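Working notes, beginning with the structure itself.
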Amino acid sequence: MLFAVHEVGGGYGAIHIVKNVSFELGAGETLAVLGRNGMGKTTLLRTLVGLADRFTGEIKVDGKPLPARSPRALAQLGITYVPDDRGVFPRLTVAENIELARLSAYRQNDRDVYALFPDLKLRADQPAGTLSGGQQQQLAIARALATEPRLLIIDELSQGLQPSIVQALADALSNVTGNGGLALILVDQNPHLAMRICERVMVMQRGEVVAAGASATLGADEGFLDLLIV
Ligand SMILES: Nc1ncnc2c1ncn2[C@@H]1O[C@H](COP(=O)(O)OP(=O)(O)OP(=O)(O)O)[C@@H](O)[C@H]1O
Ligand SMILES: [Mg+2]
């Protein structure tokens, strides 16, 4: 199994936020993590990638236990995290941002990220800080894909972006997941978008998973959608 999460709890210092989360992801598999504001989605992702404290449980990559608080180990295992603030280098150009990501690639590759995001090609020499929010998000995803990861973990893909950009991002991700081989964990405020991109979904409430299953099944369940109403 690529990524196996067993009864993981996490948070910050003495503050326990995420409790008892378990799931598994194989190559190409996709999981949406949904839930209202403040329910622990970001903290779960940060616990998984070693940027928050893990208090309980175990994470295994390829069957081998992952030490807690080890973001560097994750990169070396082919797991790339895109935080909710995108994390591009504003003073570097688009091309430099992508080249830097390639330098830390999990495996050498010639993936043409500009083919996925033609908008970025036109702006290759522009400092990333001068891009629109949607273009910066495209760049963040392009940087992540340039590392040729096995598992991509994205916090808030579509927040604040216009529908055409969201569609381009969704198409790009759909191309590389599934048979494309890339596994994905996606947090998004838009359940319909997240369930269109991801075959499976889980919902968090107060740090715990309260519903999980196939997107096709749960997406048609009114009680399920009620869990997400603010
Ligand atoms: N660094 C931190 N230290 C202490 N508590 C935190 C910290 N970050 C978040 N929290 C608390 O943890 C809880 C879950 O927050 P988290 O950001 O994980 O939720 P979320 O589901 O990602 O919310 P949103 O939809 O707003 O992004 C909240 O009560 C929040 O106040
Ligand atoms: Mg969040």
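Ordering of the structure tokens sets the chain letters (A, B, ...), residue numbers begin anew at 1 in every chain, and ligands are numbered from 1 in the order given.
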DSSP strand (DSSP E) residues within segment 11-181 of chain A, as an NGL selection string | :A and (11-12 or 15-25 or 30-34 or 53-61 or 64-65 or 79-82 or 151-155)
Selection to disk with C-alpha atoms, as a PDB file, in the first residue's frame:
```
ATOM      1  CA  GLY A  11      -2.525  18.766  16.747  1.00  0.00           C
ATOM      2  CA  TYR A  12      -0.197  21.367  18.153  1.00  0.00           C
ATOM      3  CA  ILE A  15      -3.854  20.854  21.768  1.00  0.00           C
ATOM      4  CA  HIS A  16      -5.341  17.680  20.325  1.00  0.00           C
ATOM      5  CA  ILE A  17      -7.387  18.490  17.229  1.00  0.00           C
ATOM      6  CA  VAL A  18      -7.483  15.420  14.970  1.00  0.00           C
ATOM      7  CA  LYS A  19      -8.630  12.091  16.406  1.00  0.00           C
ATOM      8  CA  ASN A  20      -8.559   8.521  15.217  1.00  0.00           C
ATOM      9  CA  VAL A  21      -8.287   8.976  11.445  1.00  0.00           C
ATOM     10  CA  SER A  22      -7.689   5.875   9.323  1.00  0.00           C
ATOM     11  CA  PHE A  23      -7.601   5.352   5.555  1.00  0.00           C
ATOM     12  CA  GLU A  24      -5.469   3.796   2.835  1.00  0.00           C
ATOM     13  CA  LEU A  25      -4.480   5.019  -0.610  1.00  0.00           C
ATOM     14  CA  THR A  30      -8.008   9.812  -4.881  1.00  0.00           C
ATOM     15  CA  LEU A  31      -9.572  10.933  -1.591  1.00  0.00           C
ATOM     16  CA  ALA A  32     -11.466  14.166  -0.879  1.00  0.00           C
ATOM     17  CA  VAL A  33     -11.472  15.443   2.706  1.00  0.00           C
ATOM     18  CA  LEU A  34     -14.510  17.634   3.364  1.00  0.00           C
ATOM     19  CA  ASP A  53       2.412  16.854  16.075  1.00  0.00           C
ATOM     20  CA  ARG A  54       1.215  13.286  15.756  1.00  0.00           C
ATOM     21  CA  PHE A  55       0.048  12.012  19.151  1.00  0.00           C
ATOM     22  CA  THR A  56      -1.391   8.630  18.249  1.00  0.00           C
ATOM     23  CA  GLY A  57      -1.469   6.123  15.457  1.00  0.00           C
ATOM     24  CA  GLU A  58       0.798   5.150  12.641  1.00  0.00           C
ATOM     25  CA  ILE A  59       1.455   6.173   9.058  1.00  0.00           C
ATOM     26  CA  LYS A  60       3.067   3.706   6.694  1.00  0.00           C
ATOM     27  CA  VAL A  61       4.505   4.475   3.266  1.00  0.00           C
ATOM     28  CA  LYS A  64       7.259   1.147   6.296  1.00  0.00           C
ATOM     29  CA  PRO A  65       6.447   3.327   9.329  1.00  0.00           C
ATOM     30  CA  ILE A  79       4.833  12.844  -1.308  1.00  0.00           C
ATOM     31  CA  THR A  80       4.267  16.526  -2.092  1.00  0.00           C
ATOM     32  CA  TYR A  81       2.121  18.953  -0.088  1.00  0.00           C
ATOM     33  CA  VAL A  82       0.531  22.134  -1.450  1.00  0.00           C
ATOM     34  CA  LEU A 151       1.069  11.217  -3.742  1.00  0.00           C
ATOM     35  CA  LEU A 152      -0.060  14.828  -3.926  1.00  0.00           C
ATOM     36  CA  ILE A 153      -1.759  16.446  -0.919  1.00  0.00           C
ATOM     37  CA  ILE A 154      -3.581  19.710  -1.662  1.00  0.00           C
ATOM     38  CA  ASP A 155      -5.223  22.058   0.862  1.00  0.00           C
TER      39      ASP A 155
END
```
Helix (DSSP H, G or I) per DSSP on the backbone: members of segment 40-101 of chain A, as a list in words =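 These are the residues in question: Lys41, Thr42, Thr43, Leu44, Leu45, Arg46, Thr47, Leu48, Pro71, Arg72, Ala73, Leu74, Ala75, Gln76, Val94, Ala95, Glu96, Asn97, Ile98, Glu99, Leu100 and Ala101 of chain A.
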Rank A:Leu100, A:Met204, A:Ala27, A:Ala128 by their smallest atom-to-atom distance to ligand 2, using only C-alpha atoms and all ligand atoms, and report the top residue only.
->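 Answer, going by the shortest atom-to-atom distance: A:Met204.
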Counting only C-alpha atoms and all ligand atoms, which protein, DNA or RNA residues come within 10 Å of ligand 1, given as a PyMOL selection string?
-> chain A and resi 10-18+33-47+52+84+155-156+187-189+203-207
Selection: 12 Å around Gly178 of chain A, only C-alpha atoms, excl. self and same-chain fewer than 5 positions, as a compact mmCIF listing (two decimals) with N, CA and C atoms, in the first residue's frame:
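Final file, out.txt:
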```txt
# COMPACT_ATOMS: atom_id res chain seq x y z
N LEU A 25 -4.48 4.57 0.79
CA LEU A 25 -4.48 5.02 -0.61
C LEU A 25 -3.45 4.22 -1.39
N GLY A 26 -3.89 3.62 -2.50
CA GLY A 26 -2.96 2.96 -3.40
C GLY A 26 -2.60 3.90 -4.55
N ALA A 27 -1.73 3.44 -5.44
CA ALA A 27 -1.31 4.26 -6.58
C ALA A 27 -2.52 4.72 -7.37
N GLY A 28 -2.55 6.00 -7.70
CA GLY A 28 -3.61 6.55 -8.54
C GLY A 28 -4.93 6.81 -7.82
N GLU A 29 -5.04 6.40 -6.56
CA GLU A 29 -6.32 6.57 -5.84
C GLU A 29 -6.47 7.98 -5.30
N THR A 30 -7.74 8.42 -5.22
CA THR A 30 -8.01 9.81 -4.88
C THR A 30 -9.02 9.91 -3.74
N LEU A 31 -8.73 10.78 -2.78
CA LEU A 31 -9.57 10.93 -1.59
C LEU A 31 -9.82 12.42 -1.33
N ARG A 150 4.39 10.68 -6.10
CA ARG A 150 3.47 9.54 -6.15
C ARG A 150 2.17 9.89 -5.47
N LEU A 151 2.26 10.76 -4.46
CA LEU A 151 1.07 11.22 -3.74
C LEU A 151 1.13 12.73 -3.62
N ALA A 172 -6.61 19.21 -15.08
CA ALA A 172 -5.20 18.83 -14.96
C ALA A 172 -5.05 17.69 -13.95
N LEU A 173 -5.73 17.80 -12.82
CA LEU A 173 -5.60 16.75 -11.79
C LEU A 173 -6.23 15.45 -12.26
N ALA A 183 -1.55 9.46 -6.83
CA ALA A 183 -2.57 9.44 -5.77
C ALA A 183 -2.77 10.86 -5.26
N LEU A 184 -3.99 11.15 -4.77
CA LEU A 184 -4.32 12.53 -4.39
C LEU A 184 -5.16 12.54 -3.12
N ILE A 197 -13.42 15.26 -8.68
CA ILE A 197 -12.01 14.92 -8.90
C ILE A 197 -11.66 13.61 -8.20
N CYS A 198 -12.30 13.35 -7.04
CA CYS A 198 -11.88 12.22 -6.19
C CYS A 198 -12.94 11.12 -6.16
N GLU A 199 -12.49 9.89 -6.27
CA GLU A 199 -13.44 8.76 -6.27
C GLU A 199 -13.97 8.46 -4.88
N ARG A 200 -13.19 8.79 -3.85
CA ARG A 200 -13.64 8.55 -2.48
C ARG A 200 -13.68 9.87 -1.71
```
If we count only C-alpha atoms, what is near Gly223 of chain A at a cut-off of 12 Å, once residues fewer than 5 positions away on the same chain are taken out, given as a short mmCIF file (atom, residue, chain, number, x, y, z; two decimals) with N, CA and C atoms, in the first residue's frame?
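Result file part.cif:
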```cif
data_model
loop_
_atom_site.label_atom_id
_atom_site.label_comp_id
_atom_site.auth_asym_id
_atom_site.auth_seq_id
_atom_site.Cartn_x
_atom_site.Cartn_y
_atom_site.Cartn_z
N VAL A 203 -15.68 12.90 5.48
CA VAL A 203 -16.11 14.16 6.08
C VAL A 203 -15.63 14.21 7.52
N VAL A 210 -16.64 11.47 10.25
CA VAL A 210 -18.02 11.10 10.59
C VAL A 210 -18.74 10.43 9.42
N ALA A 211 -18.16 10.48 8.24
CA ALA A 211 -18.74 9.77 7.09
C ALA A 211 -17.64 9.53 6.09
N THR A 217 -21.69 7.44 -4.38
CA THR A 217 -22.76 7.04 -3.46
C THR A 217 -23.12 8.18 -2.51
N LEU A 218 -22.10 8.73 -1.83
CA LEU A 218 -22.38 9.74 -0.81
C LEU A 218 -22.85 11.05 -1.42
N LEU A 228 -22.24 19.13 5.58
CA LEU A 228 -21.31 20.13 5.05
C LEU A 228 -21.89 21.53 5.07
N ILE A 229 -23.18 21.64 5.44
CA ILE A 229 -23.81 22.96 5.42
C ILE A 229 -23.31 23.79 6.59
#
```
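If you measure from each of A:Gly181, A:Pro83, A:Gly213, A:Pro149 to ligand 2 using only C-alpha atoms and all ligand atoms, the closest one turns out to be A:Pro83.
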Which of these, A:Gln167, A:Gln159, A:Thr177, A:Gln126, has the shortest distance to ligand 2 once you count only C-alpha atoms and all ligand atoms?
->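 Looking only at the distances to ligand 2, the closest residue turns out to be A:Gln159.
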At most 10 Å is the cut-off: for each residue in segment 12-93 of chain A with any atom that close to an atom of segment 132-139 of chain A, write down the nearest atom pair and the distance in Å rounded to one decimal, counting only C-alpha atoms, chain first then increasing number, as a Markdown table.
```
| residue | atom | partner | partner_atom | distance |
| --- | --- | --- | --- | --- |
| A:Val82 | CA | A:Gln137 | CA | 9.4 |
| A:Asp84 | CA | A:Gln137 | CA | 9.5 |
| A:Asp85 | CA | A:Gln137 | CA | 9.0 |
| A:Arg86 | CA | A:Gln137 | CA | 6.3 |
| A:Gly87 | CA | A:Gln136 | CA | 9.0 |
| A:Val88 | CA | A:Gln136 | CA | 7.2 |
| A:Phe89 | CA | A:Gln136 | CA | 9.8 |
| A:Pro90 | CA | A:Gln136 | CA | 9.2 |
```
Could you take the residues named above and write them with N, CA and C atoms, as an mmCIF file, in the first residue's frame?
```
data_model
loop_
_atom_site.group_PDB
_atom_site.id
_atom_site.type_symbol
_atom_site.label_atom_id
_atom_site.label_comp_id
_atom_site.auth_asym_id
_atom_site.auth_seq_id
_atom_site.Cartn_x
_atom_site.Cartn_y
_atom_site.Cartn_z
ATOM 1 N N VAL A 82 0.799 20.752 -1.033
ATOM 2 C CA VAL A 82 0.531 22.134 -1.450
ATOM 3 C C VAL A 82 -0.320 22.789 -0.366
ATOM 4 N N ASP A 84 -2.428 25.687 1.980
ATOM 5 C CA ASP A 84 -3.551 26.536 1.552
ATOM 6 C C ASP A 84 -3.107 27.944 1.174
ATOM 7 N N ASP A 85 -1.856 28.323 1.523
ATOM 8 C CA ASP A 85 -1.380 29.643 1.071
ATOM 9 C C ASP A 85 -0.511 29.532 -0.186
ATOM 10 N N ARG A 86 -0.534 28.335 -0.802
ATOM 11 C CA ARG A 86 0.082 28.071 -2.108
ATOM 12 C C ARG A 86 1.596 27.941 -2.088
ATOM 13 N N GLY A 87 2.283 28.831 -1.378
ATOM 14 C CA GLY A 87 3.723 28.645 -1.207
ATOM 15 C C GLY A 87 4.545 28.758 -2.469
ATOM 16 N N VAL A 88 4.243 29.735 -3.331
ATOM 17 C CA VAL A 88 5.153 30.000 -4.451
ATOM 18 C C VAL A 88 6.138 31.088 -4.022
ATOM 19 N N PHE A 89 7.258 31.197 -4.726
ATOM 20 C CA PHE A 89 8.249 32.236 -4.420
ATOM 21 C C PHE A 89 7.896 33.480 -5.221
ATOM 22 N N PRO A 90 7.399 34.545 -4.562
ATOM 23 C CA PRO A 90 6.830 35.679 -5.300
ATOM 24 C C PRO A 90 7.842 36.451 -6.150
#
```
Would you mind telling me which residue in A:Glu208, A:Glu7, A:Asp119, A:Asp226 lies nearest to Leu169 of chain A when using only C-alpha atoms?
->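 Of A:Glu208, A:Glu7, A:Asp119, A:Asp226, the one nearest Leu169 of chain A is A:Asp119, counting only C-alpha atoms.
Using only C-alpha atoms for every distance, the candidate list A:Ser164, A:Ser70, A:Ser215, A:Ser104 yields A:Ser104 as the residue closest to Ala146 of chain A.
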